[in-house]
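Below: one structure, written as structure tokens.
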Amino acid sequence: MGKSNDFENLREAILEGDQEAAVAIGHQLVESEASLMEPVNIASDVIREVGDKFGAGEVFLPEMVLAAEAMQGFMDVVTPRLEEEAAGEGAQDRGTVVIGTVQGDIHSIGKNIVATMLSASGYEVVDLGVNVVPMEAIQAAESSGATFIGLSALMTTSMPYQKEVVDLLGELNQRDDFYVIVGGGPVTRDYADDINANGWAADAAAAVQVCDQLSSGSTPPSDTTLVYKAAE
């Protein structure tokens, strides 16, 4: 009962852009929850919902900014615990992931959650931030010796830049050098398949699972069967 109330209160706090309430709920959950992934996923769903409403003209920019600030306040509280949880699994040296939100998109929260979970799970993470042009992602992967390129898109208008990275790798004869993982609110498994990405994940926990599965294989990236989130 208390757990479900906390989750509903968290949802309302983010929807209403109440950062103080979101932070307080974060502290309560850190003290009481065995695992924080469920509330983090709930919070991610809420911020995605706000973004969808903004795109549909149902909410306006100030409301979206307040919701994002509430979400960030919550994440600032729970991130240290998330890192402790993942570190407790003893994962180390799993490879390097270059991650960023693609060109034309400045949404960072979802990407930040994925980066946190990957880092806590033993991956070296190179976070390029937002509005990342395709060649920048490839050059960063090259210079860091990355195994993975993670591309987030929260707007349908920015999704083509995920495809552009995959296509550009092919043109540069580097498609076999990296696994390309895509995600973000409007990104589907079918879209990931269509653009020949190596993997798709609907949330941060799934992103870690996808990277784990791909890194355990022996086939080159261009020959890898697309790895999806666990069947629904």
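Naming works like this for the structure tokens: A, B, ... for the chains as they're shown, residue 1 at the start of each chain, ligands 1 onward in shown order.
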Exercise. Near Gly185 in chain A, within 9 Å and counting only C-alpha atoms, which residues show up once chain neighbours fewer than 4 positions away are dropped, as a PyMOL selection string?
Worked result: chain A and resi 45+48-49+51-52+110+152-156+202
Problem set entry | Backbone DSSP call of strand (DSSP E or B) for range 108-145 of chain A, listed as a PyMOL selection string | chain A and resi 124-127+132
C-alpha atoms of the current selection, written as an mmCIF file, in the first residue's frame:
data_model
loop_
_atom_site.group_PDB
_atom_site.id
_atom_site.type_symbol
_atom_site.label_atom_id
_atom_site.label_comp_id
_atom_site.auth_asym_id
_atom_site.auth_seq_id
_atom_site.Cartn_x
_atom_site.Cartn_y
_atom_site.Cartn_z
ATOM 1 C CA GLU A 124 33.200 2.694 -19.261
ATOM 2 C CA VAL A 125 30.828 5.404 -20.466
ATOM 3 C CA VAL A 126 31.755 8.312 -22.712
ATOM 4 C CA ASP A 127 28.776 10.669 -22.534
ATOM 5 C CA VAL A 132 25.364 14.938 -31.174
#
Write out as a compact mmCIF listing (two decimals) with N, CA and C atoms, in the first residue's frame which residues come within 8 Å of range 112-116 of chain A when counting only C-alpha atoms, dropping same-chain ones fewer than 6 positions away.
# COMPACT_ATOMS: atom_id res chain seq x y z
N THR A 79 20.35 8.23 -7.74
CA THR A 79 21.47 7.72 -8.54
C THR A 79 22.56 7.04 -7.72
N GLU A 83 23.81 3.14 -8.36
CA GLU A 83 25.19 2.76 -8.61
C GLU A 83 25.65 1.69 -7.62
N ILE A 99 27.84 7.25 -25.70
CA ILE A 99 26.39 7.47 -25.67
C ILE A 99 26.08 8.95 -25.86
N VAL A 125 31.79 4.63 -19.70
CA VAL A 125 30.83 5.40 -20.47
C VAL A 125 31.42 6.74 -20.88
N ASP A 127 30.05 9.98 -22.31
CA ASP A 127 28.78 10.67 -22.53
C ASP A 127 29.02 11.93 -23.36
N ASP A 203 14.21 0.69 -21.85
CA ASP A 203 14.55 1.38 -20.60
C ASP A 203 16.00 1.09 -20.25
N ALA A 204 16.46 1.70 -19.15
CA ALA A 204 17.87 1.62 -18.79
C ALA A 204 18.30 0.20 -18.44
N ALA A 205 17.47 -0.53 -17.69
CA ALA A 205 17.82 -1.89 -17.32
C ALA A 205 17.96 -2.77 -18.55
N ALA A 207 18.78 -1.74 -21.51
CA ALA A 207 19.98 -1.33 -22.24
C ALA A 207 21.20 -2.08 -21.74
N VAL A 208 21.30 -2.24 -20.43
CA VAL A 208 22.42 -3.00 -19.86
C VAL A 208 22.34 -4.45 -20.32
Exercise. Using only C-alpha atoms, which residue out of A:Tyr161, A:Tyr123, A:Phe7, A:Phe54 lies closest to Asp105 in chain A?
Worked result: A:Tyr161
Exercise. Using only C-alpha atoms, which residue out of A:Arg189, A:His27, A:Arg175, A:Arg11 lies closest to Ala67 in chain A?
Worked result: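 Among A:Arg189, A:His27, A:Arg175, A:Arg11, it is A:Arg11 that comes nearest to Ala67 in chain A.
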